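See below for data.cif, which holds mmCIF, C-alpha atoms and all ligand atoms.
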data_protein
loop_
_atom_site.group_PDB
_atom_site.id
_atom_site.type_symbol
_atom_site.label_atom_id
_atom_site.label_comp_id
_atom_site.auth_asym_id
_atom_site.auth_seq_id
_atom_site.Cartn_x
_atom_site.Cartn_y
_atom_site.Cartn_z
ATOM 1 C CA MET A 1 -5.038 -9.603 -20.356
ATOM 2 C CA PRO A 2 -4.134 -10.866 -16.846
ATOM 3 C CA HIS A 3 -4.653 -8.406 -14.007
ATOM 4 C CA PRO A 4 -1.444 -7.346 -12.310
ATOM 5 C CA SER A 5 -1.219 -8.926 -8.864
ATOM 6 C CA PRO A 6 -1.996 -6.519 -6.008
ATOM 7 C CA PRO A 7 0.901 -5.061 -4.019
ATOM 8 C CA ARG A 8 1.746 -7.302 -1.129
ATOM 9 C CA VAL A 9 4.673 -5.723 0.626
ATOM 10 C CA VAL A 10 4.945 -3.025 3.266
ATOM 11 C CA ALA A 11 8.159 -0.997 3.197
ATOM 12 C CA VAL A 12 9.539 -0.196 6.661
ATOM 13 C CA VAL A 13 12.162 2.547 6.890
ATOM 14 C CA PRO A 14 14.040 3.007 10.191
ATOM 15 C CA ALA A 15 15.336 6.552 10.237
ATOM 16 C CA ARG A 16 17.421 8.639 12.605
ATOM 17 C CA ASP A 17 18.374 12.170 11.602
ATOM 18 C CA GLU A 18 17.688 11.549 7.927
ATOM 19 C CA GLU A 19 15.889 14.787 6.972
ATOM 20 C CA ALA A 20 18.214 15.276 3.995
ATOM 21 C CA ARG A 21 17.478 11.859 2.497
ATOM 22 C CA ILE A 22 14.174 10.478 3.769
ATOM 23 C CA GLY A 23 11.996 12.430 1.322
ATOM 24 C CA SER A 24 13.589 11.019 -1.811
ATOM 25 C CA THR A 25 13.734 7.518 -0.317
ATOM 26 C CA VAL A 26 9.978 7.562 0.386
ATOM 27 C CA THR A 27 9.212 8.946 -3.074
ATOM 28 C CA ALA A 28 11.310 6.203 -4.682
ATOM 29 C CA LEU A 29 9.474 3.518 -2.694
ATOM 30 C CA HIS A 30 6.151 4.856 -3.971
ATOM 31 C CA GLY A 31 7.430 4.066 -7.441
ATOM 32 C CA LEU A 32 7.587 0.337 -6.682
ATOM 33 C CA ALA A 33 4.357 -1.336 -7.802
ATOM 34 C CA GLN A 34 4.703 -4.063 -5.171
ATOM 35 C CA VAL A 35 4.702 -1.625 -2.240
ATOM 36 C CA ALA A 36 1.266 -1.175 -0.667
ATOM 37 C CA HIS A 37 2.332 1.025 2.267
ATOM 38 C CA VAL A 38 5.411 2.895 3.407
ATOM 39 C CA VAL A 39 6.065 3.096 7.145
ATOM 40 C CA VAL A 40 8.795 5.436 8.393
ATOM 41 C CA VAL A 41 9.929 4.966 11.978
ATOM 42 C CA ASP A 42 11.572 8.138 13.208
ATOM 43 C CA ASP A 43 13.924 6.749 15.823
ATOM 44 C CA GLY A 44 14.200 9.747 18.123
ATOM 45 C CA SER A 45 15.623 12.104 15.498
ATOM 46 C CA ALA A 46 16.804 15.542 16.534
ATOM 47 C CA ASP A 47 16.053 16.924 13.079
ATOM 48 C CA GLN A 48 12.949 17.174 10.871
ATOM 49 C CA THR A 49 12.971 13.541 9.677
ATOM 50 C CA ALA A 50 9.314 12.924 10.625
ATOM 51 C CA ALA A 51 8.062 16.143 9.047
ATOM 52 C CA VAL A 52 9.999 15.645 5.819
ATOM 53 C CA ALA A 53 8.721 12.065 5.548
ATOM 54 C CA GLU A 54 5.157 13.333 5.902
ATOM 55 C CA TRP A 55 5.683 15.978 3.261
ATOM 56 C CA ALA A 56 6.635 13.194 0.869
ATOM 57 C CA GLY A 57 3.027 12.018 1.244
ATOM 58 C CA ARG A 58 1.268 8.643 1.438
ATOM 59 C CA VAL A 59 3.349 7.516 4.375
ATOM 60 C CA GLU A 60 2.729 6.298 7.918
ATOM 61 C CA VAL A 61 5.118 7.948 10.340
ATOM 62 C CA VAL A 62 5.674 6.353 13.729
ATOM 63 C CA ARG A 63 7.904 8.193 16.128
ATOM 64 C CA HIS A 64 10.086 6.983 18.995
ATOM 65 C CA GLU A 65 10.287 9.778 21.531
ATOM 66 C CA ARG A 66 13.840 8.715 22.297
ATOM 67 C CA ASN A 67 16.407 6.910 20.217
ATOM 68 C CA HIS A 68 16.196 3.140 20.644
ATOM 69 C CA GLY A 69 18.426 1.910 17.839
ATOM 70 C CA LYS A 70 17.792 0.431 14.423
ATOM 71 C CA ALA A 71 16.495 -2.954 15.594
ATOM 72 C CA ALA A 72 13.861 -1.335 17.810
ATOM 73 C CA ALA A 73 12.816 0.901 14.920
ATOM 74 C CA MET A 74 12.449 -2.170 12.699
ATOM 75 C CA THR A 75 10.357 -3.899 15.379
ATOM 76 C CA THR A 76 8.057 -0.897 15.689
ATOM 77 C CA GLY A 77 7.709 -0.698 11.904
ATOM 78 C CA ALA A 78 7.007 -4.401 11.578
ATOM 79 C CA ALA A 79 4.197 -4.110 14.145
ATOM 80 C CA ARG A 80 2.619 -1.218 12.241
ATOM 81 C CA ALA A 81 2.992 -3.128 8.957
ATOM 82 C CA ALA A 82 1.046 -6.040 10.447
ATOM 83 C CA GLU A 83 -1.819 -3.667 11.287
ATOM 84 C CA LEU A 84 -1.841 -2.054 7.852
ATOM 85 C CA ALA A 85 -1.621 -5.239 5.797
ATOM 86 C CA PRO A 86 -1.876 -8.435 7.837
ATOM 87 C CA GLY A 87 0.191 -11.224 6.324
ATOM 88 C CA ALA A 88 1.978 -9.002 3.820
ATOM 89 C CA ALA A 89 5.715 -9.344 3.315
ATOM 90 C CA VAL A 90 7.932 -6.661 4.842
ATOM 91 C CA LEU A 91 10.704 -4.813 3.023
ATOM 92 C CA PHE A 92 13.243 -3.158 5.336
ATOM 93 C CA VAL A 93 14.873 -0.175 3.666
ATOM 94 C CA ASP A 94 17.518 2.197 5.027
ATOM 95 C CA ALA A 95 16.537 5.843 4.862
ATOM 96 C CA ASP A 96 19.700 6.901 3.028
ATOM 97 C CA LEU A 97 19.115 5.031 -0.254
ATOM 98 C CA GLU A 98 17.293 8.016 -1.784
ATOM 99 C CA ALA A 99 16.287 7.498 -5.454
ATOM 100 C CA SER A 100 18.106 4.159 -5.648
ATOM 101 C CA ALA A 101 15.442 2.649 -3.334
ATOM 102 C CA GLY A 102 13.361 2.438 -6.502
ATOM 103 C CA ASN A 103 15.658 -0.381 -7.667
ATOM 104 C CA LEU A 104 14.575 -2.766 -4.905
ATOM 105 C CA GLY A 105 12.005 -4.512 -7.119
ATOM 106 C CA PRO A 106 14.045 -7.697 -7.726
ATOM 107 C CA VAL A 107 14.553 -8.125 -3.975
ATOM 108 C CA VAL A 108 10.807 -7.934 -3.366
ATOM 109 C CA ASP A 109 10.025 -10.222 -6.286
ATOM 110 C CA ALA A 110 12.330 -12.944 -4.954
ATOM 111 C CA VAL A 111 9.981 -13.202 -1.956
ATOM 112 C CA LEU A 112 6.635 -12.508 -3.640
ATOM 113 C CA THR A 113 7.266 -15.181 -6.272
ATOM 114 C CA GLY A 114 8.003 -17.715 -3.553
ATOM 115 C CA SER A 115 11.679 -18.159 -4.469
ATOM 116 C CA ALA A 116 12.864 -17.117 -1.016
ATOM 117 C CA ASP A 117 11.661 -16.522 2.537
ATOM 118 C CA MET A 118 14.175 -13.704 2.890
ATOM 119 C CA ALA A 119 15.914 -11.835 0.066
ATOM 120 C CA ILE A 120 18.880 -9.559 0.831
ATOM 121 C CA ALA A 121 20.105 -6.848 -1.521
ATOM 122 C CA VAL A 122 23.777 -6.938 -2.466
ATOM 123 C CA LEU A 123 25.083 -3.464 -3.271
ATOM 124 C CA PRO A 124 27.626 -2.639 -5.988
ATOM 125 C CA PRO A 125 30.883 -0.883 -5.025
ATOM 126 C CA GLN A 126 29.917 2.589 -3.797
ATOM 127 C CA HIS A 127 31.049 5.862 -5.371
ATOM 128 C CA SER A 128 33.013 6.897 -2.300
ATOM 129 C CA PRO A 129 35.085 4.159 -0.647
ATOM 130 C CA GLY A 130 34.398 3.114 2.944
ATOM 131 C CA GLY A 131 36.965 3.755 5.628
ATOM 132 C CA GLY A 132 36.958 0.460 7.476
ATOM 133 C CA PHE A 133 39.299 -2.507 7.465
ATOM 134 C CA GLY A 134 36.625 -5.105 6.841
ATOM 135 C CA LEU A 135 36.652 -6.285 10.451
ATOM 136 C CA VAL A 136 32.919 -5.966 11.135
ATOM 137 C CA VAL A 137 31.933 -7.469 7.797
ATOM 138 C CA ARG A 138 34.384 -10.360 8.224
ATOM 139 C CA THR A 139 33.227 -11.065 11.787
ATOM 140 C CA ALA A 140 29.593 -11.102 10.663
ATOM 141 C CA ARG A 141 30.257 -13.238 7.584
ATOM 142 C CA GLU A 142 32.370 -15.824 9.372
ATOM 143 C CA GLY A 143 29.997 -15.954 12.336
ATOM 144 C CA ILE A 144 26.978 -16.604 10.124
ATOM 145 C CA ALA A 145 28.941 -19.266 8.224
ATOM 146 C CA ARG A 146 29.960 -20.963 11.473
ATOM 147 C CA LEU A 147 26.389 -21.050 12.807
ATOM 148 C CA THR A 148 24.531 -21.905 9.594
ATOM 149 C CA GLY A 149 26.975 -23.179 6.960
ATOM 150 C CA TRP A 150 25.989 -20.328 4.599
ATOM 151 C CA THR A 151 28.479 -17.610 3.692
ATOM 152 C CA PRO A 152 26.840 -14.289 2.790
ATOM 153 C CA THR A 153 28.518 -11.751 0.529
ATOM 154 C CA GLN A 154 27.209 -8.691 2.387
ATOM 155 C CA PRO A 155 26.161 -9.861 5.854
ATOM 156 C CA LEU A 156 25.353 -6.331 7.077
ATOM 157 C CA SER A 157 23.029 -5.323 4.262
ATOM 158 C CA GLY A 158 19.853 -4.005 5.856
ATOM 159 C CA GLN A 159 17.919 -3.956 2.594
ATOM 160 C CA ARG A 160 15.963 -7.157 2.947
ATOM 161 C CA CYS A 161 12.482 -8.476 2.259
ATOM 162 C CA LEU A 162 10.880 -11.243 4.347
ATOM 163 C CA THR A 163 7.640 -13.130 4.302
ATOM 164 C CA ARG A 164 5.524 -12.293 7.315
ATOM 165 C CA ALA A 165 5.894 -15.869 8.585
ATOM 166 C CA ALA A 166 9.683 -15.728 8.419
ATOM 167 C CA LEU A 167 9.738 -12.339 10.146
ATOM 168 C CA ASP A 168 7.353 -13.381 12.907
ATOM 169 C CA ALA A 169 9.353 -16.553 13.539
ATOM 170 C CA ALA A 170 12.545 -14.486 13.887
ATOM 171 C CA MET A 171 11.059 -12.209 16.568
ATOM 172 C CA PRO A 172 12.336 -10.809 18.835
ATOM 173 C CA LEU A 173 15.003 -9.226 16.656
ATOM 174 C CA ALA A 174 18.593 -9.071 17.845
ATOM 175 C CA ALA A 175 19.327 -5.710 19.433
ATOM 176 C CA GLY A 176 20.968 -2.739 17.757
ATOM 177 C CA TRP A 177 23.485 -3.390 14.996
ATOM 178 C CA GLY A 178 23.280 -7.166 15.466
ATOM 179 C CA VAL A 179 19.871 -7.207 13.835
ATOM 180 C CA GLU A 180 20.894 -8.323 10.338
ATOM 181 C CA VAL A 181 23.159 -11.094 11.576
ATOM 182 C CA GLY A 182 20.457 -12.296 13.965
ATOM 183 C CA LEU A 183 17.823 -12.299 11.227
ATOM 184 C CA THR A 184 19.983 -14.272 8.831
ATOM 185 C CA VAL A 185 20.908 -16.906 11.403
ATOM 186 C CA ASP A 186 17.362 -17.225 12.717
ATOM 187 C CA VAL A 187 15.668 -17.479 9.317
ATOM 188 C CA LEU A 188 18.178 -20.079 8.104
ATOM 189 C CA ARG A 189 17.919 -22.099 11.301
ATOM 190 C CA GLY A 190 14.162 -22.027 10.927
ATOM 191 C CA GLY A 191 14.504 -23.788 7.597
ATOM 192 C CA GLY A 192 13.919 -20.606 5.590
ATOM 193 C CA ARG A 193 15.432 -20.022 2.165
ATOM 194 C CA VAL A 194 17.676 -16.972 2.057
ATOM 195 C CA VAL A 195 19.019 -15.457 -1.161
ATOM 196 C CA GLU A 196 21.197 -12.485 -2.004
ATOM 197 C CA VAL A 197 20.052 -10.374 -4.944
ATOM 198 C CA PRO A 198 22.388 -7.898 -6.686
ATOM 199 C CA CYS A 199 20.717 -4.516 -6.713
ATOM 200 C CA GLU A 200 21.785 -1.100 -8.014
ATOM 201 C CA LEU A 201 21.634 0.731 -4.666
ATOM 202 C CA HIS A 202 23.621 3.633 -3.289
ATOM 203 C CA HIS A 203 23.916 4.752 0.300
ATOM 204 C CA ARG A 204 25.985 6.987 2.559
ATOM 205 C CA VAL A 205 29.145 5.041 3.317
ATOM 206 C CA THR A 206 30.792 5.103 6.724
ATOM 207 C CA GLY A 207 34.003 7.124 6.493
ATOM 208 C CA ARG A 208 37.307 7.290 8.346
ATOM 209 C CA ASP A 209 36.741 9.945 11.000
ATOM 210 C CA LEU A 210 36.382 9.297 14.701
ATOM 211 C CA ALA A 211 32.566 9.175 14.606
ATOM 212 C CA SER A 212 32.744 6.556 11.850
ATOM 213 C CA GLN A 213 35.185 4.395 13.772
ATOM 214 C CA LEU A 214 32.995 4.645 16.883
ATOM 215 C CA HIS A 215 30.041 3.589 14.732
ATOM 216 C CA ARG A 216 32.075 0.555 13.617
ATOM 217 C CA ALA A 217 32.897 -0.292 17.217
ATOM 218 C CA ARG A 218 29.181 -0.281 18.030
ATOM 219 C CA GLN A 219 28.462 -2.390 14.945
ATOM 220 C CA LEU A 220 31.107 -4.901 16.022
ATOM 221 C CA ALA A 221 29.619 -5.066 19.528
ATOM 222 C CA GLY A 222 26.124 -5.687 18.130
ATOM 223 C CA VAL A 223 27.287 -8.336 15.689
ATOM 224 C CA THR A 224 29.390 -10.112 18.307
ATOM 225 C CA ARG A 225 26.511 -10.128 20.761
ATOM 226 C CA ALA A 226 23.987 -11.459 18.247
ATOM 227 C CA LEU A 227 26.388 -14.267 17.335
ATOM 228 C CA ALA A 228 27.145 -15.072 20.980
ATOM 229 C CA GLU A 229 23.443 -15.215 21.860
ATOM 230 C CA ARG A 230 22.983 -17.778 19.098
ATOM 231 C CA SER A 231 26.118 -19.824 19.735
ATOM 232 C CA GLY A 232 25.076 -21.743 22.824
ATOM 233 C CA VAL A 233 21.967 -23.271 21.298
ATOM 234 C CA PRO A 234 22.430 -26.651 19.595
ATOM 235 C CA ARG A 235 21.579 -26.388 15.886
ATOM 236 C CA ALA A 236 18.838 -29.056 15.966
ATOM 237 C CA ALA A 237 16.979 -27.381 18.823
ATOM 238 C CA ALA A 238 17.824 -23.817 18.016
ATOM 239 C CA GLY A 239 15.580 -22.737 15.236
ATOM 240 C CA HIS A 240 12.001 -23.125 14.343
ATOM 241 C CA ALA A 241 10.656 -26.466 13.248
ATOM 242 C CA ARG A 242 8.711 -26.302 10.021
ATOM 243 C CA THR A 243 5.528 -28.328 10.358
ATOM 244 C CA ALA A 244 3.121 -28.740 7.473
ATOM 245 C CA GLY A 245 4.239 -25.498 5.933
ATOM 246 C CA ARG A 246 3.804 -23.573 9.166
ATOM 247 C CA VAL A 247 6.737 -22.125 11.029
ATOM 248 C CA VAL A 248 6.625 -22.961 14.722
ATOM 249 C CA ARG A 249 9.254 -22.483 17.384
ATOM 250 C CA SER A 250 10.619 -25.435 19.268
ATOM 251 C CA GLY A 251 10.582 -25.208 23.061
ATOM 252 C CA ALA A 252 14.330 -24.624 23.113
ATOM 253 C CA ALA A 253 13.994 -21.900 20.526
ATOM 254 C CA ARG A 254 11.277 -20.235 22.583
ATOM 255 C CA ALA A 255 13.528 -20.306 25.629
ATOM 256 C CA ALA A 256 16.402 -18.885 23.602
ATOM 257 C CA ALA A 257 14.089 -16.216 22.218
ATOM 258 C CA ALA A 258 12.891 -15.353 25.710
ATOM 259 C CA GLY A 259 16.500 -14.947 26.771
ATOM 260 C CA ARG A 260 17.176 -12.697 23.812
ATOM 261 C CA ARG A 261 14.036 -10.707 24.552
ATOM 262 C CA ALA A 262 15.196 -10.159 28.107
ATOM 263 C CA SER A 263 18.501 -8.794 26.896
ATOM 264 C CA SER A 264 17.343 -6.855 23.881
ATOM 265 C CA GLY A 265 15.952 -3.914 25.849
ATOM 266 C CA ARG A 266 13.831 -2.796 22.944
ATOM 267 C CA LEU A 267 11.071 -0.228 23.038
ATOM 268 C CA GLY A 268 11.552 1.043 26.540
ATOM 269 C CA GLY A 269 10.041 4.459 25.874
ATOM 270 C CA ALA A 270 7.043 6.070 24.336
ATOM 271 C CA VAL A 271 6.148 5.354 20.754
ATOM 272 C CA ARG A 272 3.775 7.660 18.976
ATOM 273 C CA ARG A 273 1.995 7.498 15.679
ATOM 274 C CA ARG A 274 0.720 10.496 13.778
ATOM 275 C CA THR A 275 -2.686 10.130 12.165
ATOM 276 C CA GLY A 276 -4.572 13.073 10.710
ATOM 277 C CA GLY A 277 -2.283 15.567 12.372
ATOM 278 C CA THR A 278 -2.390 13.978 15.831
ATOM 279 C CA TRP A 279 0.278 11.963 17.610
ATOM 280 C CA HIS A 280 -1.070 8.874 19.375
ATOM 281 C CA GLU A 281 0.662 6.973 22.140
ATOM 282 C CA LEU A 282 1.132 3.318 21.159
HETATM 283 O O1 LIG A 301 19.804 4.636 16.110
HETATM 284 C C1 LIG A 301 19.597 4.494 14.904
HETATM 285 C C2 LIG A 301 20.622 4.554 13.945
HETATM 286 C C3 LIG A 301 20.317 4.395 12.603
HETATM 287 N N1 LIG A 301 19.033 4.194 12.209
HETATM 288 C C4 LIG A 301 18.735 4.022 10.768
HETATM 289 O O2 LIG A 301 19.272 2.754 10.384
HETATM 290 C C5 LIG A 301 19.643 2.797 9.007
HETATM 291 C C6 LIG A 301 21.072 2.307 8.831
HETATM 292 O O3 LIG A 301 21.933 3.188 9.506
HETATM 293 P P1 LIG A 301 23.305 3.756 8.849
HETATM 294 O O4 LIG A 301 23.819 4.843 9.694
HETATM 295 O O5 LIG A 301 23.055 4.016 7.416
HETATM 296 O O6 LIG A 301 24.281 2.531 9.052
HETATM 297 P P2 LIG A 301 25.432 1.894 8.108
HETATM 298 O O7 LIG A 301 26.610 1.567 8.926
HETATM 299 O O8 LIG A 301 25.667 2.722 6.901
HETATM 300 O O9 LIG A 301 24.659 0.619 7.743
HETATM 301 C C7 LIG A 301 25.150 -0.614 7.267
HETATM 302 O O10 LIG A 301 25.323 -1.522 8.326
HETATM 303 C C8 LIG A 301 24.176 -1.696 9.166
HETATM 304 C C9 LIG A 301 24.464 -2.826 10.146
HETATM 305 O O11 LIG A 301 25.501 -2.530 10.973
HETATM 306 C C10 LIG A 301 22.927 -2.053 8.379
HETATM 307 O O12 LIG A 301 21.823 -1.946 9.250
HETATM 308 C C11 LIG A 301 22.745 -1.131 7.199
HETATM 309 O O13 LIG A 301 21.663 -1.587 6.407
HETATM 310 C C12 LIG A 301 24.006 -1.086 6.367
HETATM 311 O O14 LIG A 301 23.854 -0.166 5.291
HETATM 312 C C13 LIG A 301 19.420 4.240 8.535
HETATM 313 O O15 LIG A 301 18.184 4.336 7.883
HETATM 314 C C14 LIG A 301 19.416 5.021 9.849
HETATM 315 O O16 LIG A 301 18.699 6.231 9.786
HETATM 316 C C15 LIG A 301 18.014 4.105 13.139
HETATM 317 O O17 LIG A 301 16.853 3.904 12.790
HETATM 318 N N2 LIG A 301 18.325 4.260 14.470
HETATM 319 O O1 LIG A 302 32.006 0.609 6.481
HETATM 320 C C1 LIG A 302 31.435 -0.462 6.601
HETATM 321 O O2 LIG A 302 31.229 -1.259 5.653
HETATM 322 C C2 LIG A 302 30.937 -0.891 7.964
HETATM 323 O O3 LIG A 302 30.969 0.193 8.868
HETATM 324 C C3 LIG A 302 31.751 -2.064 8.469
HETATM 325 O O4 LIG A 302 33.094 -1.716 8.552
HETATM 326 P P1 LIG A 302 34.318 -2.765 8.433
HETATM 327 O O5 LIG A 302 33.792 -4.140 8.163
HETATM 328 O O6 LIG A 302 35.162 -2.231 7.320
HETATM 329 O O7 LIG A 302 35.046 -2.722 9.766
#

Written as structure tokens, that's how I'd like the structure from this file.
Amino acid sequence: MPHPSPPRVVAVVPARDEEARIGSTVTALHGLAQVAHVVVVDDGSADQTAAVAEWAGRVEVVRHERNHGKAAAMTTGAARAAELAPGAAVLFVDADLEASAGNLGPVVDAVLTGSADMAIAVLPPQHSPGGGFGLVVRTAREGIARLTGWTPTQPLSGQRCLTRAALDAAMPLAAGWGVEVGLTVDVLRGGGRVVEVPCELHHRVTGRDLASQLHRARQLAGVTRALAERSGVPRAAAGHARTAGRVVRSGAARAAAAGRRASSGRLGGAVRRRTGGTWHEL
């Protein structure tokens, strides 16, 4: 009987004020055979997110002392993933998926089987309807299509698995809520294969109240900025040239990346990791 292949993905969960959901999300990720490690990045939460994640067990918790935004949390998690399992694929998972995170297997498999360099989960209609007008989603979808020729169904979906090479080539990540749009454009421009995979996932939808509409305004700003940062670079020079199976950045892409790095403002403050009951400065 053939041996099952060893797990080759590290799950990275950016989390801000998710004490009510993070425990079940971590537990569900442990149920995925492909997941070797779970890294939770507590992005400056005011609640017990870090403690609840630790109670779930078998998890690496890295903590931002202050809130830096989702993209910074993903960057921190990706760095820790590289230490834990060099070369392993990375699965980004929102903290609010709870038990449904256990359904991410097909997304991971699309990458581990070599079918894609980045696989993005497409969610079914959610139980409670969202309260937006589709503006952010439309802006993201049309912007990605304009820059790459590919039209995603759910351009904002943060549930995505990438090979380490594709992730490293897309660094630095676009800031804040532009991170998914930036990743999609950068991986495609680098010659990567991107697929969307339907997945039975459920998350907290953004509602209609003032806080929700402010959240949408911030999402729109992040998406618009990520698209603008990628608009001035000619397609041929923009991405990463693929040479003999290796992903390398062109000079123009490096310059563009340096520009993005300068404006991304990520990881300004202290980052700490808890090991054996002690927080370490990173
Ligand atoms: O400063 C923050 C804010 C949020 N999060 C975490 O980021 C994830 C997504 O945040 P959420 O509030 O659920 O955002 P939504 O608007 O519901 O997210 C949709 O849209 C986002 C892009 O705008 C994507 O990142 C998400 O995957 C997608 O579900 C969650 O795990 C949060 O805890 C952070 O780590 N830092
Ligand atoms: O609710 C959502 O799906 C996001 O916040 C985006 O909102 P919008 O695309 O409906 O403006």

Within 7 Å of ligand LIG 302 (chain A), which residues of chain A come that close, and what is the closest atom pair and distance in Å for each? Count all atoms listed in the file and give it as a tab-separated table.
residue	atom	partner	partner_atom	distance
A:Gly130	CA	A:LIG302	O1	5.0
A:Gly131	CA	A:LIG302	O1	5.9
A:Gly132	CA	A:LIG302	O6	3.2
A:Phe133	CA	A:LIG302	O6	4.1
A:Gly134	CA	A:LIG302	O6	3.3
A:Leu135	CA	A:LIG302	O7	4.0
A:Val136	CA	A:LIG302	O5	3.6
A:Val137	CA	A:LIG302	O5	3.8
A:Arg138	CA	A:LIG302	O5	6.2
A:Val205	CA	A:LIG302	O1	6.2
A:Thr206	CA	A:LIG302	O1	4.7
A:Gly207	CA	A:LIG302	O1	6.8
A:His215	CA	A:LIG302	O3	6.8
A:Arg216	CA	A:LIG302	O3	4.9

Practice task
Can you work out the spacing between CA of Gly176 in chain A and CA of Gln34 in chain A in Å, to one decimal?
Solution key: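 Straight-line distance from CA of Gly176 in chain A to CA of Gln34 in chain A works out to 28.1 Å.
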
Exercise for the section: Starting from the displayed file, determine the output of the PyMOL selection byres (((not hetatm)) within 9 of (chain A and resi 301)) and express the residue list as number ranges by chain. Expected result: A: 13-18, 22, 41-45, 67-74, 92-97, 136-137, 155-160, 176-181, 203-206, 212, 215-216, 218-220, 222-223

Handout entry: the PyMOL selection byres (((chain A and resi 37) around 10) and not hetatm) applied to the shown file, residues as an MDAnalysis selection string
Key = chainID A and resid 7:12 29:30 34:36 38:40 58:60 81 84:85 90

Restricting the output to C-alpha atoms, write the selected residues as a PDB file, in the coordinates of the input.
ATOM      1  CA  PRO A   7       0.901  -5.061  -4.019  1.00  0.00           C
ATOM      2  CA  ARG A   8       1.746  -7.302  -1.129  1.00  0.00           C
ATOM      3  CA  VAL A   9       4.673  -5.723   0.626  1.00  0.00           C
ATOM      4  CA  VAL A  10       4.945  -3.025   3.266  1.00  0.00           C
ATOM      5  CA  ALA A  11       8.159  -0.997   3.197  1.00  0.00           C
ATOM      6  CA  VAL A  12       9.539  -0.196   6.661  1.00  0.00           C
ATOM      7  CA  LEU A  29       9.474   3.518  -2.694  1.00  0.00           C
ATOM      8  CA  HIS A  30       6.151   4.856  -3.971  1.00  0.00           C
ATOM      9  CA  GLN A  34       4.703  -4.063  -5.171  1.00  0.00           C
ATOM     10  CA  VAL A  35       4.702  -1.625  -2.240  1.00  0.00           C
ATOM     11  CA  ALA A  36       1.266  -1.175  -0.667  1.00  0.00           C
ATOM     12  CA  VAL A  38       5.411   2.895   3.407  1.00  0.00           C
ATOM     13  CA  VAL A  39       6.065   3.096   7.145  1.00  0.00           C
ATOM     14  CA  VAL A  40       8.795   5.436   8.393  1.00  0.00           C
ATOM     15  CA  ARG A  58       1.268   8.643   1.438  1.00  0.00           C
ATOM     16  CA  VAL A  59       3.349   7.516   4.375  1.00  0.00           C
ATOM     17  CA  GLU A  60       2.729   6.298   7.918  1.00  0.00           C
ATOM     18  CA  ALA A  81       2.992  -3.128   8.957  1.00  0.00           C
ATOM     19  CA  LEU A  84      -1.841  -2.054   7.852  1.00  0.00           C
ATOM     20  CA  ALA A  85      -1.621  -5.239   5.797  1.00  0.00           C
ATOM     21  CA  VAL A  90       7.932  -6.661   4.842  1.00  0.00           C
TER      22      VAL A  90
END

Problem - Answer as an MDAnalysis selection string, residues within 12 Å of (15.4, -12.4, 0.4) using all atoms listed in the file - result: chainID A and resid 89:92 104:122 152 157:163 166:167 183:184 187:188 192:199

Handout entry: Residue among A:Gly87, A:Gly23, A:Gly190, A:Gly77 lying closest to Val52 in chain A, counting all atoms listed in the file
Key =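 For Val52 in chain A, the nearest of the candidates is A:Gly23.
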
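Atom pair CA of Ala88 in chain A / CA of Pro124 in chain A: separated by 28.2 Å.
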
Handout entry: Matched chain/residue IDs from the PyMOL selection byres (((chain A and resi 25) around 6) and not hetatm), as a list in words
Key =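 Expected selection for the PyMOL selection byres (((chain A and resi 25) around 6) and not hetatm) here is Ile22, Gly23, Ser24, Val26, Thr27, Ala28, Leu97, Glu98, Ala99 and Ala101 of chain A.
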
Could you give me the axis-aligned bounding box of range 199-203 of chain A, with 4 Å of padding per side, as centre plus edge lengths in Å to one decimal, as AutoDock Vina command-line options?
--center_x 22.3 --center_y 0.1 --center_z -3.9 --size_x 11.2 --size_y 17.3 --size_z 16.3

Problem - Point (25.1, -22.8, 11.5), cut-off 9 Å, counting all atoms listed in the file, residues as a list in words - result: Gly143, Ile144, Ala145, Arg146, Leu147, Thr148, Gly149, Trp150, Val185, Leu188, Arg189, Ser231 and Arg235 of chain A

Problem - Among the residues A:Gln48, A:Glu142, A:Thr75, A:Gly191, the one that comes closest to Ala175 in chain A [using only C-alpha atoms] - result: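 Closest to Ala175 in chain A, using only C-alpha atoms: A:Thr75.
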
Handout entry: Two-atom distance - CA of Glu200 in chain A, CA of Arg164 in chain A (Å)
Key = 25.0 Å
